[in-house]
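Source file: coords.pdb; contents: PDB, C-alpha atoms, pLDDT in the B column.
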ATOM      1  CA  MET A   1      52.310 118.916  41.314  1.00 53.00           C
ATOM      2  CA  LYS A   2      50.592 116.074  43.184  1.00 51.00           C
ATOM      3  CA  LYS A   3      51.186 113.717  40.276  1.00 55.00           C
ATOM      4  CA  ARG A   4      54.895 114.542  40.247  1.00 55.00           C
ATOM      5  CA  LEU A   5      55.175 114.036  43.990  1.00 48.00           C
ATOM      6  CA  LEU A   6      53.336 110.707  43.845  1.00 46.00           C
ATOM      7  CA  SER A   7      55.473 109.633  40.912  1.00 55.00           C
ATOM      8  CA  LEU A   8      58.644 110.548  42.800  1.00 46.00           C
ATOM      9  CA  LEU A   9      57.533 108.699  45.940  1.00 46.00           C
ATOM     10  CA  PHE A  10      56.569 105.630  43.921  1.00 49.00           C
ATOM     11  CA  SER A  11      59.946 105.683  42.138  1.00 48.00           C
ATOM     12  CA  ILE A  12      61.850 105.970  45.410  1.00 48.00           C
ATOM     13  CA  PHE A  13      59.879 103.078  46.926  1.00 47.00           C
ATOM     14  CA  PHE A  14      60.259 100.894  43.836  1.00 46.00           C
ATOM     15  CA  ILE A  15      63.981 101.545  43.442  1.00 45.00           C
ATOM     16  CA  SER A  16      64.759 101.034  47.138  1.00 43.00           C
ATOM     17  CA  SER A  17      62.814  97.767  47.297  1.00 46.00           C
ATOM     18  CA  ALA A  18      64.399  96.495  44.081  1.00 49.00           C
ATOM     19  CA  TYR A  19      67.884  97.061  45.475  1.00 55.00           C
ATOM     20  CA  SER A  20      67.273  95.954  49.050  1.00 73.00           C
ATOM     21  CA  ILE A  21      69.466  93.169  50.292  1.00 89.00           C
ATOM     22  CA  ALA A  22      68.703  90.319  52.640  1.00 94.00           C
ATOM     23  CA  ASP A  23      69.361  90.550  56.347  1.00 94.00           C
ATOM     24  CA  TRP A  24      71.453  87.360  56.297  1.00 95.00           C
ATOM     25  CA  THR A  25      73.171  84.994  53.912  1.00 97.00           C
ATOM     26  CA  PHE A  26      73.654  81.557  55.426  1.00 95.00           C
ATOM     27  CA  LEU A  27      76.173  79.291  53.725  1.00 96.00           C
ATOM     28  CA  ILE A  28      75.719  75.663  54.715  1.00 94.00           C
ATOM     29  CA  TYR A  29      78.956  73.901  53.822  1.00 94.00           C
ATOM     30  CA  MET A  30      78.112  70.192  53.720  1.00 90.00           C
ATOM     31  CA  GLU A  31      80.948  67.677  53.701  1.00 85.00           C
ATOM     32  CA  ALA A  32      79.154  64.349  53.535  1.00 81.00           C
ATOM     33  CA  GLU A  33      81.540  61.905  51.918  1.00 75.00           C
ATOM     34  CA  SER A  34      81.271  59.519  54.849  1.00 72.00           C
ATOM     35  CA  GLU A  35      78.661  57.810  56.963  1.00 75.00           C
ATOM     36  CA  LEU A  36      76.866  61.175  57.060  1.00 71.00           C
ATOM     37  CA  SER A  37      75.625  60.964  53.472  1.00 76.00           C
ATOM     38  CA  PRO A  38      72.222  59.431  54.413  1.00 79.00           C
ATOM     39  CA  TRP A  39      71.509  62.552  56.499  1.00 82.00           C
ATOM     40  CA  VAL A  40      72.095  64.970  53.623  1.00 84.00           C
ATOM     41  CA  PHE A  41      68.637  64.629  52.104  1.00 83.00           C
ATOM     42  CA  LYS A  42      66.843  64.831  55.453  1.00 86.00           C
ATOM     43  CA  ASN A  43      68.669  68.039  56.328  1.00 87.00           C
ATOM     44  CA  LEU A  44      68.166  69.512  52.847  1.00 86.00           C
ATOM     45  CA  ASN A  45      64.430  68.814  53.104  1.00 87.00           C
ATOM     46  CA  ASP A  46      64.358  70.490  56.512  1.00 87.00           C
ATOM     47  CA  MET A  47      65.940  73.590  54.972  1.00 87.00           C
ATOM     48  CA  VAL A  48      63.329  73.700  52.216  1.00 88.00           C
ATOM     49  CA  GLU A  49      60.490  73.467  54.763  1.00 88.00           C
ATOM     50  CA  ALA A  50      61.837  76.243  57.022  1.00 86.00           C
ATOM     51  CA  LYS A  51      59.812  79.461  57.166  1.00 84.00           C
ATOM     52  CA  PHE A  52      61.459  82.830  57.739  1.00 82.00           C
ATOM     53  CA  THR A  53      59.844  86.099  58.699  1.00 83.00           C
ATOM     54  CA  ARG A  54      62.785  88.184  57.487  1.00 85.00           C
ATOM     55  CA  PRO A  55      64.559  88.188  54.128  1.00 90.00           C
ATOM     56  CA  VAL A  56      67.413  85.671  54.215  1.00 93.00           C
ATOM     57  CA  ASN A  57      69.511  83.854  51.646  1.00 95.00           C
ATOM     58  CA  ILE A  58      70.209  80.191  52.284  1.00 94.00           C
ATOM     59  CA  VAL A  59      72.825  78.648  50.029  1.00 96.00           C
ATOM     60  CA  VAL A  60      74.362  75.195  50.217  1.00 95.00           C
ATOM     61  CA  GLN A  61      77.558  73.674  48.952  1.00 94.00           C
ATOM     62  CA  CYS A  62      77.249  69.904  49.227  1.00 90.00           C
ATOM     63  CA  HIS A  63      80.015  67.386  48.626  1.00 86.00           C
ATOM     64  CA  THR A  64      78.904  63.763  48.892  1.00 80.00           C
ATOM     65  CA  VAL A  65      81.101  61.680  46.610  1.00 79.00           C
ATOM     66  CA  GLY A  66      83.927  62.096  44.126  1.00 82.00           C
ATOM     67  CA  ASN A  67      85.482  65.427  43.236  1.00 87.00           C
ATOM     68  CA  ILE A  68      82.310  67.401  42.538  1.00 88.00           C
ATOM     69  CA  ALA A  69      80.483  69.698  44.939  1.00 90.00           C
ATOM     70  CA  PHE A  70      76.996  70.920  44.135  1.00 92.00           C
ATOM     71  CA  ARG A  71      75.809  74.426  44.935  1.00 94.00           C
ATOM     72  CA  TYR A  72      72.176  75.272  45.578  1.00 94.00           C
ATOM     73  CA  GLN A  73      70.018  78.138  46.700  1.00 95.00           C
ATOM     74  CA  VAL A  74      67.055  77.393  48.957  1.00 92.00           C
ATOM     75  CA  LYS A  75      64.217  79.648  47.867  1.00 88.00           C
ATOM     76  CA  ASN A  76      60.421  79.563  47.982  1.00 82.00           C
ATOM     77  CA  GLY A  77      60.284  76.028  49.337  1.00 85.00           C
ATOM     78  CA  ALA A  78      62.580  74.548  46.675  1.00 89.00           C
ATOM     79  CA  PHE A  79      66.197  73.916  45.799  1.00 88.00           C
ATOM     80  CA  ILE A  80      67.527  75.843  42.853  1.00 92.00           C
ATOM     81  CA  HIS A  81      70.666  74.351  41.339  1.00 93.00           C
ATOM     82  CA  ASP A  82      73.287  77.058  41.016  1.00 94.00           C
ATOM     83  CA  ASP A  83      76.586  75.443  40.091  1.00 93.00           C
ATOM     84  CA  CYS A  84      78.888  72.413  40.210  1.00 92.00           C
ATOM     85  CA  VAL A  85      82.514  72.869  41.174  1.00 92.00           C
ATOM     86  CA  ASP A  86      85.607  70.710  41.367  1.00 89.00           C
ATOM     87  CA  PHE A  87      86.188  69.741  44.955  1.00 81.00           C
ATOM     88  CA  GLY A  88      89.876  69.404  45.706  1.00 78.00           C
ATOM     89  CA  ASN A  89      91.865  68.068  48.620  1.00 78.00           C
ATOM     90  CA  ASP A  90      92.506  71.513  50.089  1.00 82.00           C
ATOM     91  CA  ASN A  91      89.694  72.121  52.599  1.00 82.00           C
ATOM     92  CA  VAL A  92      90.717  75.734  53.203  1.00 88.00           C
ATOM     93  CA  LYS A  93      90.644  76.512  49.468  1.00 90.00           C
ATOM     94  CA  ASP A  94      87.285  74.745  49.035  1.00 91.00           C
ATOM     95  CA  LEU A  95      85.697  76.592  51.970  1.00 92.00           C
ATOM     96  CA  THR A  96      87.140  79.905  50.784  1.00 94.00           C
ATOM     97  CA  SER A  97      85.752  79.311  47.297  1.00 94.00           C
ATOM     98  CA  ALA A  98      82.315  78.479  48.711  1.00 95.00           C
ATOM     99  CA  ALA A  99      82.288  81.588  50.910  1.00 97.00           C
ATOM    100  CA  HIS A 100      83.375  83.786  48.009  1.00 97.00           C
ATOM    101  CA  TRP A 101      80.552  82.378  45.838  1.00 97.00           C
ATOM    102  CA  ALA A 102      77.902  82.664  48.541  1.00 97.00           C
ATOM    103  CA  PHE A 103      78.678  86.089  49.916  1.00 97.00           C
ATOM    104  CA  ASN A 104      79.428  87.812  46.624  1.00 96.00           C
ATOM    105  CA  LYS A 105      76.500  86.384  44.685  1.00 96.00           C
ATOM    106  CA  TYR A 106      73.918  86.526  47.499  1.00 96.00           C
ATOM    107  CA  LYS A 107      74.356  89.947  49.096  1.00 95.00           C
ATOM    108  CA  ALA A 108      73.311  90.509  52.698  1.00 96.00           C
ATOM    109  CA  LYS A 109      73.909  92.714  55.696  1.00 96.00           C
ATOM    110  CA  HIS A 110      75.262  89.778  57.732  1.00 96.00           C
ATOM    111  CA  HIS A 111      76.934  86.474  56.848  1.00 97.00           C
ATOM    112  CA  CYS A 112      77.063  83.072  58.509  1.00 96.00           C
ATOM    113  CA  ILE A 113      78.886  79.850  57.645  1.00 96.00           C
ATOM    114  CA  VAL A 114      77.521  76.576  59.011  1.00 95.00           C
ATOM    115  CA  LEU A 115      80.070  73.766  58.863  1.00 93.00           C
ATOM    116  CA  TRP A 116      77.916  70.659  58.488  1.00 87.00           C
ATOM    117  CA  ASN A 117      79.968  67.650  59.497  1.00 73.00           C
ATOM    118  CA  HIS A 118      80.860  65.642  62.577  1.00 54.00           C
TER     119      HIS A 118
END
Would you encode the structure as structure tokens?
Amino acid sequence: MKKRLLSLLFSIFFISSAYSIADWTFLIYMEAESELSPWVFKNLNDMVEAKFTRPVNIVVQCHTVGNIAFRYQVKNGAFIHDDCVDFGNDNVKDLTSAAHWAFNKYKAKHHCIVLWNH
């Protein structure tokens, strides 16, 4: 009986921790096709070096030049390339696409969008 109870408790703990979601997903939407582009790498490095005491997802969509935006996840002190997308002239559509990607792929209890620009 004890073995069954311990097995059940272990299973409940393992399953609940495997399916737990982060407290927050932060989407940093970086539009840097201007004089801001030199600051991109400094700010990206700052994100990598940040330490969090709670589970959070930090994801970045960065547009620096041309019609391509790069998507990354910041995790364990590194950038993980996630995707490249066509970046159009419709800012609302581009932001909506980024939010859809971030908040559907990186589940969390709360969501935040940081508009990185002027």
*Name every residue that the PyMOL selection byres ((chain A and resi 85-91) around 6) selects in this structure, writing the answer as a PyMOL selection string with chains first and numbers rising.*
chain A and resi 67-69+84+92-94
_Which residue of A:Ala78, A:Val59, A:Leu44, A:Val65 approaches Trp101 of chain A most closely, using only C-alpha atoms_ = A:Val59
*Non-local contacts of Phe41 of chain A (12 Å; all atoms listed in the file; under 5 positions in same chain excluded) as a PyMOL selection string*: chain A and resi 30+32+36+46-48+62+64+79
File of the preceding selection, C-alpha atoms, as a PDB file, in the coordinates of the input:
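To be explicit, this is the file written out as out.pdb:
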ATOM      1  CA  MET A  30      78.112  70.192  53.720  1.00 90.00           C
ATOM      2  CA  ALA A  32      79.154  64.349  53.535  1.00 81.00           C
ATOM      3  CA  LEU A  36      76.866  61.175  57.060  1.00 71.00           C
ATOM      4  CA  ASP A  46      64.358  70.490  56.512  1.00 87.00           C
ATOM      5  CA  MET A  47      65.940  73.590  54.972  1.00 87.00           C
ATOM      6  CA  VAL A  48      63.329  73.700  52.216  1.00 88.00           C
ATOM      7  CA  CYS A  62      77.249  69.904  49.227  1.00 90.00           C
ATOM      8  CA  THR A  64      78.904  63.763  48.892  1.00 80.00           C
ATOM      9  CA  PHE A  79      66.197  73.916  45.799  1.00 88.00           C
TER      10      PHE A  79
END
*Tell me which protein, DNA and RNA residues are within 8 Å of Ala22 of chain A, counting only C-alpha atoms, leaving out same-chain ones fewer than 4 positions away, and put them as a ChimeraX atom specification.*
/A:54-57,107-109
*For atom CA of Val60 of chain A and atom CA of Ile80 of chain A, quote the distance in Å rounded to one decimal.*
10.1 Å
*Between atom CA of Asp82 of chain A and atom CA of Tyr106 of chain A, what is the distance, to one decimal in Å?*
11.5 Å
_One-decimal distance in Å that lies between atom CA of His111 of chain A and atom CA of Tyr29 of chain A_ =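 About the pair atom CA of Tyr29 of chain A and atom CA of His111 of chain A: they are 13.1 Å apart.
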